[in-house]
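Data block below; observations after.
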Amino acid sequence: EEAAVARPFRQRLLVVANRLPVSAIRRGEDSWSLEVSAGGLVSALLGVKEFEARWIGWAGVNVPDRIGQKALTKALAEKRCIPVFLDEEIVHQYYNGYCNNILWPLFHYLGLPQEDRLATTRSFQSQFAAYKKANQMFADVVNAHYEEGDVVWCHDYHLMYLPECLKKYNTKMKVGWFLHTPFPSSEIHRTLPSRSELLRSVLAADLVGFHTYDYARHFVSACTRILGLEGTPEGVEDQGRLTRVAAFPIGIDSARFIRALELRQVQEHIKELKERFAGRKVMLGVDRLDMIKGIPQKLLAFEKFLEENPYWRGKVVLLQIAVPTRTDVPEYQKLTSQVHEIVGRINGRFGTLTAVPIHHLDRSLDFHALCALYAVTDVALVTSLRDGMNLVSYEFVACQDAKKGVLILSEFAGAAQSLGAGAILVNPWNIIEVAASIGQALNMPAEEREKRHCHNFHHVIMHTAQEWAETFVSELNDTVVEAQLRSSE
Ligand code: ADQ
């Protein structure tokens, strides 16, 4: 950081995402304590020395009073973070409602919510209004901090309305937008009542990025079929103005994982885990507890495997670490109890007085514990029903250079396109196929494991998060901003 500060000029990068990469806890009327979360995006941008990143987003807390807001703004400034204050009602309608109840399931091919049609229409409209209002509030903050020469990078499905709001303020502002989820087939996007408005707003950006070529293609098809615009090899053209659309597959900060494995505390943890599971093969699942991750399907496949392979009973253990998310949403509560029920049944069927086949944890693990688990795993199971990329598969590969374990990977994760040659690819809906692939993975000869691992390891260390961020921002810089914005309809 310090060496980079000495450089004469570093371009400012305003990174706009729904959540700031910090958790804020209020300690008093005007005092806050902050904890920086070392997520992928944070380490990706720390690694990019050409830019000086500022973060703009919601701090995840409701701060209704001016004193609290002022104090939090000041505390966040030290972390180069700028807050957007959203009240509870907006959070409910924009974040829980439109983002997580409508866009998230739709983009993962789970369709729109299907309650009573009239009620849905009404709540849909108010949620979309809140979504636009929240995006406008983000735009206000960005605009207040923008200086000429800055580049603005908007993230994810929460902020699809942001590029248009920003360009309305300033047509010269360089605006990029990146989607972390899949972009679905245009036939799916078509079902969304606000389909055109969102596409048009995203097109106001200068550069639009996705994890895979397929998502980019789906987006371009949506623009051509729904908006009647022209798709070109570079992107989408509207009355002579080009919005560049391309694939930028994300990666991880692989060096951080590899370094962690050398730490004494991680080594000790590895030793403990090895002793604990001696004589058994370790299988691992690490997911947020979300329907898109296919956790019930994974458990059913494991059950099928144990059913058909009595030899392996007692010789293999599945560690499923599932962080609860969105716990106030009924569907997520239902998923939790469904998962618990299946785990209970399998452990009841195949457990003994001294050992159970599945250890299921409803919580997150700290970074070092996670690295140790990745390192002792023989087979990782990633069975997402849809997943923009899936970084867990990358993290597993990064920690496996000693063991050369096997990755079973859903073909519906973006990662299948980069790690497909080394992984065993499966259709997570096909329980029998996944069960068979568990057998294949557990029995795989060392030579084949090594070959597959090397392929994936090479990819993971070569295509890092830093490289991803650098490529996106430099391509954004290369786009030509035309000071023209289509008249909105
Ligand atoms: P996510 O859906 O959150 O991300 P993923 O890419 O797998 O999915 O990243 C999850 C991150 O959380 C990983 O870094 C993982 O280590 C961590 N994590 C998950 N479960 C954990 C647990 N139990 N304990 C500790 N840590 C845990 C979204 C998209 C993805 C896309 C990313 C990045 O849904 O498809 O890859 O953004 O663009």
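By order in the structure tokens, chains are A, B, ...; within a chain, residues start at 1; ligands start at 1, following the order shown.
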
Neighbours of A:Tyr131 within 7 Å (only C-alpha atoms; same-chain residues fewer than 3 positions away dropped), as a PDB file with N, CA and C atoms, in the first residue's frame?
ATOM      1  N   TYR A  94     -36.675  -3.196  -0.911  1.00  0.00           N
ATOM      2  CA  TYR A  94     -35.632  -3.249  -1.949  1.00  0.00           C
ATOM      3  C   TYR A  94     -34.772  -4.505  -1.812  1.00  0.00           C
ATOM      4  N   TYR A  98     -37.336  -6.970  -3.545  1.00  0.00           N
ATOM      5  CA  TYR A  98     -37.034  -7.037  -4.971  1.00  0.00           C
ATOM      6  C   TYR A  98     -35.736  -7.799  -5.277  1.00  0.00           C
ATOM      7  N   GLN A 127     -42.265  -3.010  -4.567  1.00  0.00           N
ATOM      8  CA  GLN A 127     -40.875  -3.432  -4.391  1.00  0.00           C
ATOM      9  C   GLN A 127     -39.979  -2.854  -5.480  1.00  0.00           C
ATOM     10  N   PHE A 128     -40.492  -2.806  -6.694  1.00  0.00           N
ATOM     11  CA  PHE A 128     -39.675  -2.244  -7.770  1.00  0.00           C
ATOM     12  C   PHE A 128     -39.478  -0.745  -7.557  1.00  0.00           C
ATOM     13  N   ALA A 134     -33.900   3.057  -3.917  1.00  0.00           N
ATOM     14  CA  ALA A 134     -32.626   2.709  -3.267  1.00  0.00           C
ATOM     15  C   ALA A 134     -31.473   2.946  -4.234  1.00  0.00           C
ATOM     16  N   ASN A 135     -31.625   2.519  -5.487  1.00  0.00           N
ATOM     17  CA  ASN A 135     -30.565   2.735  -6.475  1.00  0.00           C
ATOM     18  C   ASN A 135     -30.282   4.230  -6.663  1.00  0.00           C
TER      19      ASN A 135
END

I'd like the contact shell of A:Trp177 - 8 Å cut-off, only C-alpha atoms, skipping same-chain residues fewer than 5 positions apart - returned as a PyMOL selection string. chain A and resi 153-156+160+163+202+205+207-209

How would the residues just chosen look if you wrote them out with N, CA and C atoms as a short mmCIF file (atom, residue, chain, number, x, y, z; two decimals), in the first residue's frame?
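Saved to out30.cif:
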data_model
loop_
_atom_site.label_atom_id
_atom_site.label_comp_id
_atom_site.auth_asym_id
_atom_site.auth_seq_id
_atom_site.Cartn_x
_atom_site.Cartn_y
_atom_site.Cartn_z
N TRP A 153 -17.36 1.50 -10.60
CA TRP A 153 -17.63 0.08 -10.88
C TRP A 153 -18.80 -0.38 -10.01
N CYS A 154 -19.94 -0.63 -10.63
CA CYS A 154 -21.14 -1.06 -9.91
C CYS A 154 -21.22 -2.59 -9.89
N HIS A 155 -21.64 -3.12 -8.75
CA HIS A 155 -21.68 -4.57 -8.61
C HIS A 155 -23.07 -5.13 -8.38
N ASP A 156 -23.37 -6.12 -9.18
CA ASP A 156 -24.41 -7.10 -8.90
C ASP A 156 -25.86 -6.66 -9.13
N MET A 160 -28.88 -2.75 -10.61
CA MET A 160 -29.06 -2.72 -12.07
C MET A 160 -29.62 -1.39 -12.55
N PRO A 163 -26.57 2.31 -13.19
CA PRO A 163 -25.87 2.95 -14.32
C PRO A 163 -26.68 4.09 -14.94
N VAL A 202 -29.04 -0.97 -17.42
CA VAL A 202 -27.71 -1.60 -17.46
C VAL A 202 -26.95 -1.14 -18.71
N ALA A 205 -24.49 1.77 -18.88
CA ALA A 205 -23.08 1.61 -18.50
C ALA A 205 -22.21 1.56 -19.75
N LEU A 207 -19.38 -0.43 -19.80
CA LEU A 207 -18.92 -1.81 -19.88
C LEU A 207 -19.78 -2.67 -18.97
N VAL A 208 -20.26 -3.80 -19.50
CA VAL A 208 -21.11 -4.70 -18.74
C VAL A 208 -20.41 -6.06 -18.71
N GLY A 209 -20.17 -6.59 -17.51
CA GLY A 209 -19.39 -7.82 -17.42
C GLY A 209 -20.13 -8.95 -16.72
#

Could you make a table, as JSON lines, of the residues of chain A that have an atom within 6 Å of an atom of ligand 1, each with its nearest atom pair and distance in Å to one decimal, counting only C-alpha atoms and all ligand atoms, in chain and number order?
{"residue": "A:His180", "atom": "CA", "partner": "ligand 1", "partner_atom_place_in_ligand_line": "38 (O)", "distance": 4.2}
{"residue": "A:Thr181", "atom": "CA", "partner": "ligand 1", "partner_atom_place_in_ligand_line": "29 (C)", "distance": 5.1}
{"residue": "A:Val286", "atom": "CA", "partner": "ligand 1", "partner_atom_place_in_ligand_line": "20 (N)", "distance": 4.8}
{"residue": "A:Asp287", "atom": "CA", "partner": "ligand 1", "partner_atom_place_in_ligand_line": "20 (N)", "distance": 4.1}
{"residue": "A:Arg288", "atom": "CA", "partner": "ligand 1", "partner_atom_place_in_ligand_line": "20 (N)", "distance": 4.7}
{"residue": "A:Ile321", "atom": "CA", "partner": "ligand 1", "partner_atom_place_in_ligand_line": "23 (N)", "distance": 4.6}
{"residue": "A:Ala322", "atom": "CA", "partner": "ligand 1", "partner_atom_place_in_ligand_line": "23 (N)", "distance": 4.6}
{"residue": "A:Val323", "atom": "CA", "partner": "ligand 1", "partner_atom_place_in_ligand_line": "23 (N)", "distance": 4.4}
{"residue": "A:Arg363", "atom": "CA", "partner": "ligand 1", "partner_atom_place_in_ligand_line": "23 (N)", "distance": 5.6}
{"residue": "A:Ser364", "atom": "CA", "partner": "ligand 1", "partner_atom_place_in_ligand_line": "24 (N)", "distance": 3.3}
{"residue": "A:Leu365", "atom": "CA", "partner": "ligand 1", "partner_atom_place_in_ligand_line": "24 (N)", "distance": 4.0}
{"residue": "A:Asp366", "atom": "CA", "partner": "ligand 1", "partner_atom_place_in_ligand_line": "25 (C)", "distance": 5.9}
{"residue": "A:Asp387", "atom": "CA", "partner": "ligand 1", "partner_atom_place_in_ligand_line": "35 (O)", "distance": 4.1}
{"residue": "A:Gly388", "atom": "CA", "partner": "ligand 1", "partner_atom_place_in_ligand_line": "35 (O)", "distance": 3.3}
{"residue": "A:Met389", "atom": "CA", "partner": "ligand 1", "partner_atom_place_in_ligand_line": "36 (O)", "distance": 3.6}
{"residue": "A:Asn390", "atom": "CA", "partner": "ligand 1", "partner_atom_place_in_ligand_line": "6 (O)", "distance": 3.6}
{"residue": "A:Leu391", "atom": "CA", "partner": "ligand 1", "partner_atom_place_in_ligand_line": "6 (O)", "distance": 3.7}
{"residue": "A:Val392", "atom": "CA", "partner": "ligand 1", "partner_atom_place_in_ligand_line": "7 (O)", "distance": 4.5}

Write out the residues from the selection above, keeping N, CA and C atoms, as a PDB file, in the first residue's frame.
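Saved result, selection_22.pdb, follows:
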ATOM      1  N   HIS A 180     -22.580 -10.766 -10.524  1.00  0.00           N
ATOM      2  CA  HIS A 180     -21.953 -11.923  -9.875  1.00  0.00           C
ATOM      3  C   HIS A 180     -22.778 -13.198  -9.988  1.00  0.00           C
ATOM      4  N   THR A 181     -24.056 -13.059 -10.347  1.00  0.00           N
ATOM      5  CA  THR A 181     -24.911 -14.240 -10.514  1.00  0.00           C
ATOM      6  C   THR A 181     -24.930 -14.619 -11.998  1.00  0.00           C
ATOM      7  N   VAL A 286     -19.112 -26.861   1.357  1.00  0.00           N
ATOM      8  CA  VAL A 286     -19.114 -25.552   2.028  1.00  0.00           C
ATOM      9  C   VAL A 286     -20.025 -24.638   1.222  1.00  0.00           C
ATOM     10  N   ASP A 287     -21.131 -24.253   1.803  1.00  0.00           N
ATOM     11  CA  ASP A 287     -22.073 -23.423   1.047  1.00  0.00           C
ATOM     12  C   ASP A 287     -22.788 -22.459   1.970  1.00  0.00           C
ATOM     13  N   ARG A 288     -23.246 -21.342   1.415  1.00  0.00           N
ATOM     14  CA  ARG A 288     -24.286 -20.605   2.107  1.00  0.00           C
ATOM     15  C   ARG A 288     -25.539 -21.460   1.998  1.00  0.00           C
ATOM     16  N   ILE A 321     -20.674 -27.840   5.698  1.00  0.00           N
ATOM     17  CA  ILE A 321     -20.674 -26.588   6.446  1.00  0.00           C
ATOM     18  C   ILE A 321     -21.606 -25.639   5.713  1.00  0.00           C
ATOM     19  N   ALA A 322     -22.692 -25.267   6.359  1.00  0.00           N
ATOM     20  CA  ALA A 322     -23.690 -24.440   5.672  1.00  0.00           C
ATOM     21  C   ALA A 322     -23.972 -23.184   6.491  1.00  0.00           C
ATOM     22  N   VAL A 323     -23.510 -22.033   5.991  1.00  0.00           N
ATOM     23  CA  VAL A 323     -23.784 -20.785   6.711  1.00  0.00           C
ATOM     24  C   VAL A 323     -25.212 -20.366   6.452  1.00  0.00           C
ATOM     25  N   ARG A 363     -23.210 -23.122  10.415  1.00  0.00           N
ATOM     26  CA  ARG A 363     -22.514 -21.876  10.743  1.00  0.00           C
ATOM     27  C   ARG A 363     -21.332 -21.666   9.811  1.00  0.00           C
ATOM     28  N   SER A 364     -20.748 -20.477   9.915  1.00  0.00           N
ATOM     29  CA  SER A 364     -19.589 -20.247   9.073  1.00  0.00           C
ATOM     30  C   SER A 364     -18.331 -20.594   9.869  1.00  0.00           C
ATOM     31  N   LEU A 365     -17.257 -20.827   9.154  1.00  0.00           N
ATOM     32  CA  LEU A 365     -15.991 -21.130   9.804  1.00  0.00           C
ATOM     33  C   LEU A 365     -15.043 -19.974   9.555  1.00  0.00           C
ATOM     34  N   ASP A 366     -14.089 -19.780  10.476  1.00  0.00           N
ATOM     35  CA  ASP A 366     -13.139 -18.706  10.191  1.00  0.00           C
ATOM     36  C   ASP A 366     -12.164 -19.183   9.108  1.00  0.00           C
ATOM     37  N   ASP A 387     -25.112 -21.326 -10.255  1.00  0.00           N
ATOM     38  CA  ASP A 387     -24.172 -20.533  -9.455  1.00  0.00           C
ATOM     39  C   ASP A 387     -23.379 -19.669 -10.421  1.00  0.00           C
ATOM     40  N   GLY A 388     -23.315 -18.359 -10.145  1.00  0.00           N
ATOM     41  CA  GLY A 388     -22.619 -17.456 -11.056  1.00  0.00           C
ATOM     42  C   GLY A 388     -21.247 -18.006 -11.406  1.00  0.00           C
ATOM     43  N   MET A 389     -20.414 -18.214 -10.363  1.00  0.00           N
ATOM     44  CA  MET A 389     -19.124 -18.848 -10.569  1.00  0.00           C
ATOM     45  C   MET A 389     -18.980 -20.025  -9.608  1.00  0.00           C
ATOM     46  N   ASN A 390     -18.951 -19.755  -8.322  1.00  0.00           N
ATOM     47  CA  ASN A 390     -18.689 -20.649  -7.187  1.00  0.00           C
ATOM     48  C   ASN A 390     -17.205 -20.629  -6.834  1.00  0.00           C
ATOM     49  N   LEU A 391     -16.908 -19.857  -5.803  1.00  0.00           N
ATOM     50  CA  LEU A 391     -15.525 -19.689  -5.385  1.00  0.00           C
ATOM     51  C   LEU A 391     -15.051 -20.805  -4.474  1.00  0.00           C
ATOM     52  N   VAL A 392     -15.993 -21.521  -3.844  1.00  0.00           N
ATOM     53  CA  VAL A 392     -15.601 -22.625  -2.973  1.00  0.00           C
ATOM     54  C   VAL A 392     -14.781 -23.647  -3.775  1.00  0.00           C
TER      55      VAL A 392
END

Please indicate the distance in Å from atom CA of A:Arg449 to atom CA of A:Leu373, rounded to one decimal place. 18.6 Å

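DSSP on the backbone gives strand (DSSP E or B) for these parts of stretch 53-125 of chain A: Ala53, Arg54, Trp55, Ile56, Gly57, Trp58, Cys81, Ile82 and Pro83 of chain A.
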
For the selection just defined, write its residues with C-alpha atoms to a file, as a short mmCIF file (atom, residue, chain, number, x, y, z; two decimals), in the first residue's frame.
data_model
loop_
_atom_site.label_atom_id
_atom_site.label_comp_id
_atom_site.auth_asym_id
_atom_site.auth_seq_id
_atom_site.Cartn_x
_atom_site.Cartn_y
_atom_site.Cartn_z
CA ALA A 53 -10.32 2.03 -4.32
CA ARG A 54 -13.14 3.72 -2.39
CA TRP A 55 -16.16 1.70 -1.38
CA ILE A 56 -19.69 2.96 -1.51
CA GLY A 57 -22.51 0.86 -0.04
CA TRP A 58 -24.90 0.08 2.76
CA CYS A 81 -15.74 3.39 2.89
CA ILE A 82 -18.65 5.72 2.22
CA PRO A 83 -22.06 4.71 3.57
#

Might you pull out every residue within 12 Å of A:Thr243, with only C-alpha atoms counted and same-chain residues fewer than 2 positions away left off, and present them as a PyMOL selection string? chain A and resi 163+174-177+199-209+219-220+223+229-241+245-246+476+479-482+484-486

Kindly assemble as a tab-separated table a list of the stretch 249-318 of chain A residues that lie within 9 Å of stretch 437-443 of chain A, each paired with its nearest atom pair and their distance in Å to one decimal, using only C-alpha atoms, sorted first by chain and then by ascending residue number.
residue	atom	partner	partner_atom	distance
A:Lys281	CA	A:Leu442	CA	7.7
A:Ala301	CA	A:Ile438	CA	8.4
A:Phe302	CA	A:Ile438	CA	7.7
A:Phe305	CA	A:Ile438	CA	7.1
A:Asn309	CA	A:Gly439	CA	8.3
A:Val316	CA	A:Leu442	CA	9.0

Could you save those same residues with N, CA and C atoms as a compact mmCIF listing (two decimals), in the first residue's frame?
# COMPACT_ATOMS: atom_id res chain seq x y z
N LYS A 281 -12.28 -41.58 4.59
CA LYS A 281 -12.11 -40.56 3.56
C LYS A 281 -13.01 -39.39 3.93
N ALA A 301 -27.85 -37.63 -2.80
CA ALA A 301 -26.88 -38.39 -3.60
C ALA A 301 -25.94 -39.16 -2.68
N PHE A 302 -25.54 -38.55 -1.58
CA PHE A 302 -24.66 -39.22 -0.63
C PHE A 302 -25.39 -40.42 0.00
N PHE A 305 -25.46 -43.17 -2.44
CA PHE A 305 -24.14 -43.79 -2.51
C PHE A 305 -23.94 -44.79 -1.37
N ASN A 309 -23.42 -48.81 -1.70
CA ASN A 309 -22.03 -49.22 -1.47
C ASN A 309 -21.77 -49.53 0.00
N VAL A 316 -16.28 -43.42 5.11
CA VAL A 316 -16.31 -42.10 4.50
C VAL A 316 -17.20 -41.19 5.35

From the list A:Ala421, A:Cys99, A:Val15, A:Cys454, which residue is nearest A:Ala129 when using only C-alpha atoms? A:Cys99

Write out as a ChimeraX atom specification all residues of stretch 80-309 of chain A that DSSP puts in helix (DSSP H, G or I) for this structure's backbone. /A:88-107,117-145,157-159,162-169,186-189,195-203,213-227,254-262,264-276,291-293,295-308

With only C-alpha atoms as the counted atoms, please give the residues lying no more than 12 Å from stretch 269-276 of chain A, apart from itself and same-chain residues fewer than 3 positions off, as a ChimeraX atom specification. /A:260-266,279-282,317,319,355,367-378,399,403

Write the residues of the preceding selection, restricted to N, CA and C atoms, as a PDB file, in the first residue's frame.
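The new file again_14.pdb reads:
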ATOM      1  N   ALA A 260      -1.660 -19.381   3.965  1.00  0.00           N
ATOM      2  CA  ALA A 260      -2.314 -19.760   5.221  1.00  0.00           C
ATOM      3  C   ALA A 260      -1.968 -21.195   5.606  1.00  0.00           C
ATOM      4  N   LEU A 261      -1.811 -22.058   4.592  1.00  0.00           N
ATOM      5  CA  LEU A 261      -1.531 -23.469   4.888  1.00  0.00           C
ATOM      6  C   LEU A 261      -0.186 -23.653   5.587  1.00  0.00           C
ATOM      7  N   GLU A 262       0.699 -22.667   5.434  1.00  0.00           N
ATOM      8  CA  GLU A 262       2.016 -22.757   6.063  1.00  0.00           C
ATOM      9  C   GLU A 262       1.986 -22.354   7.538  1.00  0.00           C
ATOM     10  N   LEU A 263       0.950 -21.676   7.958  1.00  0.00           N
ATOM     11  CA  LEU A 263       0.896 -21.164   9.329  1.00  0.00           C
ATOM     12  C   LEU A 263       0.837 -22.301  10.341  1.00  0.00           C
ATOM     13  N   ARG A 264       1.467 -22.073  11.477  1.00  0.00           N
ATOM     14  CA  ARG A 264       1.518 -23.140  12.480  1.00  0.00           C
ATOM     15  C   ARG A 264       0.128 -23.532  12.957  1.00  0.00           C
ATOM     16  N   GLN A 265      -0.702 -22.523  13.209  1.00  0.00           N
ATOM     17  CA  GLN A 265      -2.032 -22.858  13.733  1.00  0.00           C
ATOM     18  C   GLN A 265      -2.863 -23.661  12.734  1.00  0.00           C
ATOM     19  N   VAL A 266      -2.652 -23.376  11.454  1.00  0.00           N
ATOM     20  CA  VAL A 266      -3.393 -24.131  10.436  1.00  0.00           C
ATOM     21  C   VAL A 266      -2.838 -25.558  10.349  1.00  0.00           C
ATOM     22  N   GLY A 279      -8.515 -43.145   9.027  1.00  0.00           N
ATOM     23  CA  GLY A 279      -9.156 -44.366   8.541  1.00  0.00           C
ATOM     24  C   GLY A 279     -10.410 -44.100   7.714  1.00  0.00           C
ATOM     25  N   ARG A 280     -10.793 -42.824   7.607  1.00  0.00           N
ATOM     26  CA  ARG A 280     -11.962 -42.506   6.792  1.00  0.00           C
ATOM     27  C   ARG A 280     -11.602 -41.495   5.716  1.00  0.00           C
ATOM     28  N   LYS A 281     -12.276 -41.584   4.593  1.00  0.00           N
ATOM     29  CA  LYS A 281     -12.114 -40.562   3.557  1.00  0.00           C
ATOM     30  C   LYS A 281     -13.010 -39.388   3.931  1.00  0.00           C
ATOM     31  N   VAL A 282     -12.500 -38.180   3.697  1.00  0.00           N
ATOM     32  CA  VAL A 282     -13.261 -36.982   4.052  1.00  0.00           C
ATOM     33  C   VAL A 282     -13.862 -36.351   2.792  1.00  0.00           C
ATOM     34  N   VAL A 317     -16.786 -39.932   5.471  1.00  0.00           N
ATOM     35  CA  VAL A 317     -17.584 -38.980   6.234  1.00  0.00           C
ATOM     36  C   VAL A 317     -17.792 -37.723   5.383  1.00  0.00           C
ATOM     37  N   LEU A 319     -18.551 -33.807   5.548  1.00  0.00           N
ATOM     38  CA  LEU A 319     -18.642 -32.615   6.398  1.00  0.00           C
ATOM     39  C   LEU A 319     -19.357 -31.536   5.586  1.00  0.00           C
ATOM     40  N   ALA A 355     -19.882 -43.406  15.343  1.00  0.00           N
ATOM     41  CA  ALA A 355     -19.604 -42.518  14.210  1.00  0.00           C
ATOM     42  C   ALA A 355     -20.852 -42.286  13.362  1.00  0.00           C
ATOM     43  N   PHE A 367     -11.449 -18.212   8.568  1.00  0.00           N
ATOM     44  CA  PHE A 367     -10.614 -18.469   7.403  1.00  0.00           C
ATOM     45  C   PHE A 367      -9.622 -19.615   7.613  1.00  0.00           C
ATOM     46  N   HIS A 368      -8.966 -19.622   8.777  1.00  0.00           N
ATOM     47  CA  HIS A 368      -7.943 -20.647   9.008  1.00  0.00           C
ATOM     48  C   HIS A 368      -8.544 -22.036   9.140  1.00  0.00           C
ATOM     49  N   ALA A 369      -9.685 -22.118   9.825  1.00  0.00           N
ATOM     50  CA  ALA A 369     -10.358 -23.414   9.968  1.00  0.00           C
ATOM     51  C   ALA A 369     -10.804 -23.931   8.602  1.00  0.00           C
ATOM     52  N   LEU A 370     -11.265 -22.996   7.774  1.00  0.00           N
ATOM     53  CA  LEU A 370     -11.724 -23.355   6.434  1.00  0.00           C
ATOM     54  C   LEU A 370     -10.557 -23.902   5.595  1.00  0.00           C
ATOM     55  N   CYS A 371      -9.407 -23.221   5.669  1.00  0.00           N
ATOM     56  CA  CYS A 371      -8.231 -23.678   4.909  1.00  0.00           C
ATOM     57  C   CYS A 371      -7.829 -25.087   5.343  1.00  0.00           C
ATOM     58  N   ALA A 372      -7.833 -25.328   6.660  1.00  0.00           N
ATOM     59  CA  ALA A 372      -7.445 -26.646   7.163  1.00  0.00           C
ATOM     60  C   ALA A 372      -8.401 -27.721   6.644  1.00  0.00           C
ATOM     61  N   LEU A 373      -9.688 -27.406   6.650  1.00  0.00           N
ATOM     62  CA  LEU A 373     -10.680 -28.369   6.145  1.00  0.00           C
ATOM     63  C   LEU A 373     -10.466 -28.666   4.660  1.00  0.00           C
ATOM     64  N   TYR A 374     -10.258 -27.592   3.895  1.00  0.00           N
ATOM     65  CA  TYR A 374     -10.008 -27.797   2.468  1.00  0.00           C
ATOM     66  C   TYR A 374      -8.804 -28.729   2.271  1.00  0.00           C
ATOM     67  N   ALA A 375      -7.781 -28.529   3.106  1.00  0.00           N
ATOM     68  CA  ALA A 375      -6.531 -29.269   2.906  1.00  0.00           C
ATOM     69  C   ALA A 375      -6.667 -30.758   3.221  1.00  0.00           C
ATOM     70  N   VAL A 376      -7.537 -31.120   4.173  1.00  0.00           N
ATOM     71  CA  VAL A 376      -7.627 -32.546   4.542  1.00  0.00           C
ATOM     72  C   VAL A 376      -8.699 -33.293   3.738  1.00  0.00           C
ATOM     73  N   THR A 377      -9.391 -32.566   2.873  1.00  0.00           N
ATOM     74  CA  THR A 377     -10.511 -33.175   2.141  1.00  0.00           C
ATOM     75  C   THR A 377     -10.027 -34.083   0.999  1.00  0.00           C
ATOM     76  N   ASP A 378     -10.686 -35.236   0.868  1.00  0.00           N
ATOM     77  CA  ASP A 378     -10.391 -36.124  -0.258  1.00  0.00           C
ATOM     78  C   ASP A 378     -11.270 -35.800  -1.465  1.00  0.00           C
ATOM     79  N   CYS A 399      -6.057 -25.211  -2.014  1.00  0.00           N
ATOM     80  CA  CYS A 399      -5.536 -25.826  -0.774  1.00  0.00           C
ATOM     81  C   CYS A 399      -5.165 -27.290  -0.941  1.00  0.00           C
ATOM     82  N   LYS A 403      -2.454 -32.860  -1.298  1.00  0.00           N
ATOM     83  CA  LYS A 403      -3.307 -34.047  -1.277  1.00  0.00           C
ATOM     84  C   LYS A 403      -3.841 -34.480  -2.655  1.00  0.00           C
TER      85      LYS A 403
END

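Atom to atom, atom CA of A:His211 and atom CA of A:Gln417 stand 9.8 Å apart.
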
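The smallest atom-to-atom distance between A:Pro105 and any of A:Lys293, A:Lys315, A:His359, A:Lys298, using only C-alpha atoms, is found for A:Lys293.
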
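Counting only C-alpha atoms and comparing A:Ile250, A:Val91, A:Ala446, A:Ile258, the residue that lies closest to A:Asp401 is A:Ile258.
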